[in-house]
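Below you'll find the structure, written out as structure tokens, and then a few comments.
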Amino acid sequence: VEARLIIGGVTPRTDETLIRAIALAHAWATELRAGTSMTTLAERRSCTLAFIRQRLPLAFLSPRIIEAILAGRQPHDLTLTKLITHPIPLDWDDQWAELGFSASAC
């Protein structure tokens, strides 16, 4: 469970947990495209298939969203927990709106 207290203006701050999870999802997607099974990935990582399935969609985030996350410019409520517990639209523009990015930041 994550809790954040936001007081005053929000300064850009990178979320290292979220960045690591996205990087791992991209690595898994690359391995899957190369023919590695999800079972093998789970065994190597000592985790469940559900864990991988839950985080794999992070590999399909819009490059613009990933760029914002890397720069610490994501909405303050965009956390790993939110991303893995809510469906992520496949359309990148829909992702931008659904995940709370402002239209002016396009």
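If you're wondering about the labels, chains in the structure tokens are A, B, ... by order shown, residues count from 1 in each chain, ligands from 1 in order shown.
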
message = Set the distance at 9 Å and use only C-alpha atoms: which residues neighbour stretch 38-41 of chain A once local chain neighbours fewer than 5 positions away are removed? I'd like the list as a list in words.
response =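 Once the nearby chain positions are removed, what remains is Trp28, Glu31, Leu32, Ser46, Cys47, Thr48, Leu49, Ile52 and Arg53 of chain A.
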
Any chance you could export the current selection's all heavy atoms as a JSON list (two decimals), in the first residue's frame?
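Saved as out-v9.json:
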[["chain", "number", "residue", "atom", "x", "y", "z"],
["A", 28, "TRP", "N", 11.35, -8.26, -19.97],
["A", 28, "TRP", "CA", 10.53, -9.47, -20.13],
["A", 28, "TRP", "C", 9.90, -9.53, -21.50],
["A", 28, "TRP", "O", 9.87, -10.58, -22.13],
["A", 28, "TRP", "CB", 9.43, -9.51, -19.07],
["A", 28, "TRP", "CG", 9.90, -9.82, -17.69],
["A", 28, "TRP", "CD1", 11.08, -10.42, -17.33],
["A", 28, "TRP", "CD2", 9.20, -9.56, -16.49],
["A", 28, "TRP", "NE1", 11.14, -10.54, -15.96],
["A", 28, "TRP", "CE2", 10.01, -10.02, -15.42],
["A", 28, "TRP", "CE3", 7.98, -8.97, -16.19],
["A", 28, "TRP", "CZ2", 9.62, -9.93, -14.09],
["A", 28, "TRP", "CZ3", 7.59, -8.87, -14.86],
["A", 28, "TRP", "CH2", 8.40, -9.35, -13.83],
["A", 31, "GLU", "N", 12.41, -10.69, -23.96],
["A", 31, "GLU", "CA", 12.66, -12.13, -23.83],
["A", 31, "GLU", "C", 11.50, -12.95, -24.40],
["A", 31, "GLU", "O", 11.72, -13.98, -25.04],
["A", 31, "GLU", "CB", 12.91, -12.51, -22.37],
["A", 31, "GLU", "CG", 14.25, -12.02, -21.86],
["A", 31, "GLU", "CD", 14.58, -12.60, -20.50],
["A", 31, "GLU", "OE1", 14.63, -13.84, -20.40],
["A", 31, "GLU", "OE2", 14.76, -11.81, -19.56],
["A", 32, "LEU", "N", 10.28, -12.49, -24.16],
["A", 32, "LEU", "CA", 9.12, -13.21, -24.69],
["A", 32, "LEU", "C", 9.13, -13.20, -26.21],
["A", 32, "LEU", "O", 8.84, -14.21, -26.85],
["A", 32, "LEU", "CB", 7.82, -12.60, -24.15],
["A", 32, "LEU", "CG", 7.54, -12.88, -22.66],
["A", 32, "LEU", "CD1", 6.38, -12.02, -22.18],
["A", 32, "LEU", "CD2", 7.26, -14.35, -22.44],
["A", 46, "SER", "N", 12.04, -16.14, -9.69],
["A", 46, "SER", "CA", 11.47, -16.72, -8.46],
["A", 46, "SER", "C", 10.17, -16.02, -8.08],
["A", 46, "SER", "O", 9.97, -15.58, -6.95],
["A", 46, "SER", "CB", 12.46, -16.65, -7.30],
["A", 46, "SER", "OG", 13.61, -17.39, -7.59],
["A", 47, "CYS", "N", 9.30, -15.87, -9.08],
["A", 47, "CYS", "CA", 8.01, -15.25, -8.84],
["A", 47, "CYS", "C", 6.93, -16.05, -9.55],
["A", 47, "CYS", "O", 7.22, -17.04, -10.23],
["A", 47, "CYS", "CB", 8.01, -13.80, -9.31],
["A", 47, "CYS", "SG", 8.23, -13.59, -11.09],
["A", 48, "THR", "N", 5.71, -15.63, -9.43],
["A", 48, "THR", "CA", 4.59, -16.33, -10.05],
["A", 48, "THR", "C", 4.32, -15.79, -11.44],
["A", 48, "THR", "O", 4.73, -14.68, -11.78],
["A", 48, "THR", "CB", 3.32, -16.19, -9.20],
["A", 48, "THR", "OG1", 2.95, -14.80, -9.19],
["A", 48, "THR", "CG2", 3.53, -16.68, -7.78],
["A", 49, "LEU", "N", 3.59, -16.59, -12.21],
["A", 49, "LEU", "CA", 3.15, -16.13, -13.53],
["A", 49, "LEU", "C", 2.24, -14.91, -13.38],
["A", 49, "LEU", "O", 2.29, -13.99, -14.20],
["A", 49, "LEU", "CB", 2.42, -17.24, -14.27],
["A", 49, "LEU", "CG", 3.28, -18.38, -14.79],
["A", 49, "LEU", "CD1", 2.42, -19.51, -15.34],
["A", 49, "LEU", "CD2", 4.24, -17.89, -15.85],
["A", 52, "ILE", "N", 4.20, -11.69, -13.21],
["A", 52, "ILE", "CA", 4.66, -11.24, -14.53],
["A", 52, "ILE", "C", 3.51, -10.68, -15.34],
["A", 52, "ILE", "O", 3.62, -9.62, -15.95],
["A", 52, "ILE", "CB", 5.38, -12.39, -15.26],
["A", 52, "ILE", "CG1", 6.67, -12.72, -14.53],
["A", 52, "ILE", "CG2", 5.65, -12.03, -16.73],
["A", 52, "ILE", "CD1", 7.42, -13.91, -15.07],
["A", 53, "ARG", "N", 2.39, -11.40, -15.36],
["A", 53, "ARG", "CA", 1.22, -10.93, -16.12],
["A", 53, "ARG", "C", 0.73, -9.57, -15.63],
["A", 53, "ARG", "O", 0.26, -8.75, -16.41],
["A", 53, "ARG", "CB", 0.07, -11.92, -16.02],
["A", 53, "ARG", "CG", 0.24, -13.11, -16.90],
["A", 53, "ARG", "CD", -1.05, -13.93, -16.93],
["A", 53, "ARG", "NE", -0.74, -15.26, -17.37],
["A", 53, "ARG", "CZ", -0.71, -16.34, -16.60],
["A", 53, "ARG", "NH1", -1.01, -16.25, -15.32],
["A", 53, "ARG", "NH2", -0.40, -17.50, -17.10]]

Tell me, as a PDB file with N, CA and C atoms, in the first residue's frame, which residues lie within 9 Å of A:Gln95, counting only C-alpha atoms; anything in the same chain fewer than 5 positions away does not count.
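As a result, selection06.pdb now contains:
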ATOM      1  N   LEU A  61       3.419   0.954 -22.306  1.00  0.00           N
ATOM      2  CA  LEU A  61       3.088   2.354 -22.039  1.00  0.00           C
ATOM      3  C   LEU A  61       3.613   3.229 -23.165  1.00  0.00           C
ATOM      4  N   SER A  62       2.935   4.303 -23.401  1.00  0.00           N
ATOM      5  CA  SER A  62       3.344   5.275 -24.409  1.00  0.00           C
ATOM      6  C   SER A  62       4.757   5.774 -24.126  1.00  0.00           C
ATOM      7  N   ILE A  65       4.681   8.831 -22.059  1.00  0.00           N
ATOM      8  CA  ILE A  65       4.442   8.615 -20.630  1.00  0.00           C
ATOM      9  C   ILE A  65       5.726   8.154 -19.947  1.00  0.00           C
ATOM     10  N   ILE A  88      -4.816  -0.671 -18.287  1.00  0.00           N
ATOM     11  CA  ILE A  88      -4.145   0.377 -19.065  1.00  0.00           C
ATOM     12  C   ILE A  88      -4.643   0.272 -20.504  1.00  0.00           C
ATOM     13  N   PRO A  89      -5.225   1.350 -21.038  1.00  0.00           N
ATOM     14  CA  PRO A  89      -5.678   1.296 -22.429  1.00  0.00           C
ATOM     15  C   PRO A  89      -4.496   1.036 -23.368  1.00  0.00           C
ATOM     16  N   LEU A  90      -4.763   0.397 -24.492  1.00  0.00           N
ATOM     17  CA  LEU A  90      -3.698   0.156 -25.465  1.00  0.00           C
ATOM     18  C   LEU A  90      -3.366   1.411 -26.262  1.00  0.00           C
ATOM     19  N   GLY A 100      -4.074  10.426 -16.062  1.00  0.00           N
ATOM     20  CA  GLY A 100      -4.081  11.708 -15.355  1.00  0.00           C
ATOM     21  C   GLY A 100      -3.126  12.770 -15.841  1.00  0.00           C
ATOM     22  N   PHE A 101      -2.582  12.587 -17.041  1.00  0.00           N
ATOM     23  CA  PHE A 101      -1.708  13.631 -17.581  1.00  0.00           C
ATOM     24  C   PHE A 101      -2.591  14.749 -18.138  1.00  0.00           C
TER      25      PHE A 101
END

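Residue nearest A:Ala29, chosen from A:Lys82, A:Arg55, A:Arg13, A:Arg44 and counting only C-alpha atoms: A:Arg55.
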
Neighbours of A:Thr81 within 12 Å (only C-alpha atoms; same-chain residues fewer than 2 positions away dropped), as a PDB file with N, CA, C and O atoms, in the first residue's frame?
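Output saved as part17.pdb:
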ATOM      1  N   VAL A   1       0.852  -1.171   0.000  1.00  0.00           N
ATOM      2  CA  VAL A   1       0.000   0.000   0.000  1.00  0.00           C
ATOM      3  C   VAL A   1       0.895   1.230   0.000  1.00  0.00           C
ATOM      4  O   VAL A   1       1.868   1.296   0.729  1.00  0.00           O
ATOM      5  N   GLU A   2       0.542   2.175  -0.855  1.00  0.00           N
ATOM      6  CA  GLU A   2       1.324   3.404  -0.944  1.00  0.00           C
ATOM      7  C   GLU A   2       0.488   4.576  -0.450  1.00  0.00           C
ATOM      8  O   GLU A   2      -0.704   4.637  -0.696  1.00  0.00           O
ATOM      9  N   ALA A   3       1.117   5.484   0.233  1.00  0.00           N
ATOM     10  CA  ALA A   3       0.464   6.718   0.662  1.00  0.00           C
ATOM     11  C   ALA A   3       1.438   7.853   0.412  1.00  0.00           C
ATOM     12  O   ALA A   3       2.630   7.724   0.662  1.00  0.00           O
ATOM     13  N   ASP A  15      10.263   8.355  -9.590  1.00  0.00           N
ATOM     14  CA  ASP A  15       9.782   7.221  -8.805  1.00  0.00           C
ATOM     15  C   ASP A  15      10.614   6.011  -9.227  1.00  0.00           C
ATOM     16  O   ASP A  15      10.326   5.368 -10.234  1.00  0.00           O
ATOM     17  N   THR A  17      10.961   3.053  -8.021  1.00  0.00           N
ATOM     18  CA  THR A  17      10.240   1.778  -8.034  1.00  0.00           C
ATOM     19  C   THR A  17       9.496   1.606  -9.349  1.00  0.00           C
ATOM     20  O   THR A  17       9.540   0.550  -9.986  1.00  0.00           O
ATOM     21  N   LEU A  18       8.821   2.649  -9.773  1.00  0.00           N
ATOM     22  CA  LEU A  18       8.077   2.619 -11.030  1.00  0.00           C
ATOM     23  C   LEU A  18       9.024   2.472 -12.221  1.00  0.00           C
ATOM     24  O   LEU A  18       8.771   1.672 -13.136  1.00  0.00           O
ATOM     25  N   ALA A  21      10.268  -1.118 -12.429  1.00  0.00           N
ATOM     26  CA  ALA A  21       9.207  -2.015 -12.887  1.00  0.00           C
ATOM     27  C   ALA A  21       8.997  -1.901 -14.397  1.00  0.00           C
ATOM     28  O   ALA A  21       8.807  -2.911 -15.087  1.00  0.00           O
ATOM     29  N   GLN A  54       0.844  -9.335 -14.350  1.00  0.00           N
ATOM     30  CA  GLN A  54       0.394  -8.088 -13.754  1.00  0.00           C
ATOM     31  C   GLN A  54       1.263  -6.909 -14.182  1.00  0.00           C
ATOM     32  O   GLN A  54       0.776  -5.803 -14.375  1.00  0.00           O
ATOM     33  N   ARG A  55       2.551  -7.140 -14.357  1.00  0.00           N
ATOM     34  CA  ARG A  55       3.488  -6.059 -14.662  1.00  0.00           C
ATOM     35  C   ARG A  55       3.862  -5.939 -16.136  1.00  0.00           C
ATOM     36  O   ARG A  55       4.355  -4.905 -16.568  1.00  0.00           O
ATOM     37  N   LEU A  58       3.172  -2.862 -18.479  1.00  0.00           N
ATOM     38  CA  LEU A  58       3.996  -1.654 -18.356  1.00  0.00           C
ATOM     39  C   LEU A  58       4.921  -1.483 -19.555  1.00  0.00           C
ATOM     40  O   LEU A  58       5.351  -0.379 -19.867  1.00  0.00           O
ATOM     41  N   ASP A  77      -0.306  11.027  -8.362  1.00  0.00           N
ATOM     42  CA  ASP A  77      -0.990   9.794  -7.971  1.00  0.00           C
ATOM     43  C   ASP A  77      -0.695   8.620  -8.905  1.00  0.00           C
ATOM     44  O   ASP A  77      -1.254   7.538  -8.733  1.00  0.00           O
ATOM     45  N   LEU A  78       0.190   8.817  -9.865  1.00  0.00           N
ATOM     46  CA  LEU A  78       0.553   7.727 -10.772  1.00  0.00           C
ATOM     47  C   LEU A  78       1.669   6.906 -10.132  1.00  0.00           C
ATOM     48  O   LEU A  78       2.832   7.300 -10.119  1.00  0.00           O
ATOM     49  N   THR A  79       1.286   5.773  -9.574  1.00  0.00           N
ATOM     50  CA  THR A  79       2.226   4.906  -8.869  1.00  0.00           C
ATOM     51  C   THR A  79       2.210   3.523  -9.511  1.00  0.00           C
ATOM     52  O   THR A  79       1.328   3.206 -10.315  1.00  0.00           O
ATOM     53  N   LEU A  83      -0.859   1.530 -11.565  1.00  0.00           N
ATOM     54  CA  LEU A  83      -0.675   0.949 -12.895  1.00  0.00           C
ATOM     55  C   LEU A  83      -0.946  -0.549 -12.939  1.00  0.00           C
ATOM     56  O   LEU A  83      -1.410  -1.059 -13.958  1.00  0.00           O
ATOM     57  N   ILE A  84      -0.649  -1.267 -11.866  1.00  0.00           N
ATOM     58  CA  ILE A  84      -0.848  -2.721 -11.920  1.00  0.00           C
ATOM     59  C   ILE A  84      -2.235  -3.144 -11.447  1.00  0.00           C
ATOM     60  O   ILE A  84      -2.611  -4.293 -11.631  1.00  0.00           O
ATOM     61  N   THR A  85      -2.989  -2.219 -10.866  1.00  0.00           N
ATOM     62  CA  THR A  85      -4.329  -2.582 -10.398  1.00  0.00           C
ATOM     63  C   THR A  85      -5.446  -2.023 -11.264  1.00  0.00           C
ATOM     64  O   THR A  85      -6.604  -2.369 -11.053  1.00  0.00           O
ATOM     65  N   HIS A  86      -5.113  -1.171 -12.212  1.00  0.00           N
ATOM     66  CA  HIS A  86      -6.118  -0.611 -13.117  1.00  0.00           C
ATOM     67  C   HIS A  86      -5.752  -0.975 -14.549  1.00  0.00           C
ATOM     68  O   HIS A  86      -4.564  -0.952 -14.901  1.00  0.00           O
ATOM     69  N   PRO A  87      -6.752  -1.278 -15.361  1.00  0.00           N
ATOM     70  CA  PRO A  87      -6.449  -1.599 -16.761  1.00  0.00           C
ATOM     71  C   PRO A  87      -5.815  -0.397 -17.476  1.00  0.00           C
ATOM     72  O   PRO A  87      -6.235   0.738 -17.274  1.00  0.00           O
TER      73      PRO A  87
END

task = Skip A:Ile22 itself and residues of its chain fewer than 2 positions away, then list as an MDAnalysis selection string all residues within 10 Å of it, counting only C-alpha atoms.
result = chainID A and resid 16:20 24:28 55:61 66 69 80

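Computed from the coordinates, the atom CA of A:Ala50 to atom CA of A:Thr30 distance equals 18.2 Å.
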
request  = Point out the residue among A:Trp92, A:Phe51, A:Arg33, A:Ser102 with the least atom-to-atom distance to A:Arg73, counting only C-alpha atoms.
outcome  = A:Ser102

Run DSSP on the backbone of this structure and report the residues of chain A it assigns to alpha helix (DSSP H), as a PDB file with C-alpha atoms, in the first residue's frame.
ATOM      1  CA  GLU A  16      12.603   4.662  -8.833  1.00  0.00           C
ATOM      2  CA  THR A  17      10.240   1.778  -8.034  1.00  0.00           C
ATOM      3  CA  LEU A  18       8.077   2.619 -11.030  1.00  0.00           C
ATOM      4  CA  ILE A  19      11.100   3.096 -13.297  1.00  0.00           C
ATOM      5  CA  ARG A  20      12.551  -0.300 -12.286  1.00  0.00           C
ATOM      6  CA  ALA A  21       9.207  -2.015 -12.887  1.00  0.00           C
ATOM      7  CA  ILE A  22       8.903  -0.493 -16.369  1.00  0.00           C
ATOM      8  CA  ALA A  23      12.476  -1.482 -17.234  1.00  0.00           C
ATOM      9  CA  LEU A  24      11.841  -5.032 -16.042  1.00  0.00           C
ATOM     10  CA  ALA A  25       8.618  -5.243 -18.069  1.00  0.00           C
ATOM     11  CA  HIS A  26      10.524  -4.164 -21.188  1.00  0.00           C
ATOM     12  CA  ALA A  27      13.200  -6.790 -20.539  1.00  0.00           C
ATOM     13  CA  TRP A  28      10.529  -9.468 -20.125  1.00  0.00           C
ATOM     14  CA  ALA A  29       8.768  -8.378 -23.320  1.00  0.00           C
ATOM     15  CA  THR A  30      12.064  -8.632 -25.206  1.00  0.00           C
ATOM     16  CA  GLU A  31      12.659 -12.134 -23.832  1.00  0.00           C
ATOM     17  CA  LEU A  32       9.123 -13.209 -24.688  1.00  0.00           C
ATOM     18  CA  ARG A  33       9.552 -11.956 -28.278  1.00  0.00           C
ATOM     19  CA  MET A  38       6.566 -16.925 -19.216  1.00  0.00           C
ATOM     20  CA  THR A  39       7.134 -19.973 -17.036  1.00  0.00           C
ATOM     21  CA  THR A  40      10.888 -19.694 -17.589  1.00  0.00           C
ATOM     22  CA  LEU A  41      10.791 -15.969 -16.784  1.00  0.00           C
ATOM     23  CA  ALA A  42       8.887 -16.683 -13.569  1.00  0.00           C
ATOM     24  CA  GLU A  43      11.305 -19.426 -12.541  1.00  0.00           C
ATOM     25  CA  ARG A  44      14.342 -17.204 -13.181  1.00  0.00           C
ATOM     26  CA  ARG A  45      12.813 -14.375 -11.171  1.00  0.00           C
ATOM     27  CA  LEU A  49       3.151 -16.127 -13.531  1.00  0.00           C
ATOM     28  CA  ALA A  50       0.531 -13.760 -12.087  1.00  0.00           C
ATOM     29  CA  PHE A  51       3.302 -11.373 -10.984  1.00  0.00           C
ATOM     30  CA  ILE A  52       4.665 -11.244 -14.528  1.00  0.00           C
ATOM     31  CA  ARG A  53       1.216 -10.925 -16.120  1.00  0.00           C
ATOM     32  CA  GLN A  54       0.394  -8.088 -13.754  1.00  0.00           C
ATOM     33  CA  ARG A  55       3.488  -6.059 -14.662  1.00  0.00           C
ATOM     34  CA  PRO A  63       6.921   6.486 -24.947  1.00  0.00           C
ATOM     35  CA  ARG A  64       5.674   9.952 -23.984  1.00  0.00           C
ATOM     36  CA  ILE A  65       4.442   8.615 -20.630  1.00  0.00           C
ATOM     37  CA  ILE A  66       7.705   6.783 -20.013  1.00  0.00           C
ATOM     38  CA  GLU A  67       9.630   9.966 -20.822  1.00  0.00           C
ATOM     39  CA  ALA A  68       7.510  11.897 -18.303  1.00  0.00           C
ATOM     40  CA  ILE A  69       8.059   9.204 -15.636  1.00  0.00           C
ATOM     41  CA  LEU A  70      11.821   9.221 -16.224  1.00  0.00           C
ATOM     42  CA  LEU A  80       3.176   1.329  -9.604  1.00  0.00           C
ATOM     43  CA  THR A  81       0.202   0.203  -7.540  1.00  0.00           C
ATOM     44  CA  LYS A  82      -2.179   2.262  -9.675  1.00  0.00           C
ATOM     45  CA  LEU A  83      -0.675   0.949 -12.895  1.00  0.00           C
ATOM     46  CA  ILE A  84      -0.848  -2.721 -11.920  1.00  0.00           C
ATOM     47  CA  THR A  85      -4.329  -2.582 -10.398  1.00  0.00           C
ATOM     48  CA  TRP A  92      -1.399   5.883 -26.267  1.00  0.00           C
ATOM     49  CA  ASP A  93      -3.637   8.969 -26.315  1.00  0.00           C
ATOM     50  CA  ASP A  94      -6.160   7.138 -24.141  1.00  0.00           C
ATOM     51  CA  GLN A  95      -3.344   6.164 -21.757  1.00  0.00           C
ATOM     52  CA  TRP A  96      -2.284   9.808 -21.468  1.00  0.00           C
ATOM     53  CA  ALA A  97      -5.796  10.900 -20.491  1.00  0.00           C
ATOM     54  CA  GLU A  98      -6.669   7.857 -18.357  1.00  0.00           C
TER      55      GLU A  98
END
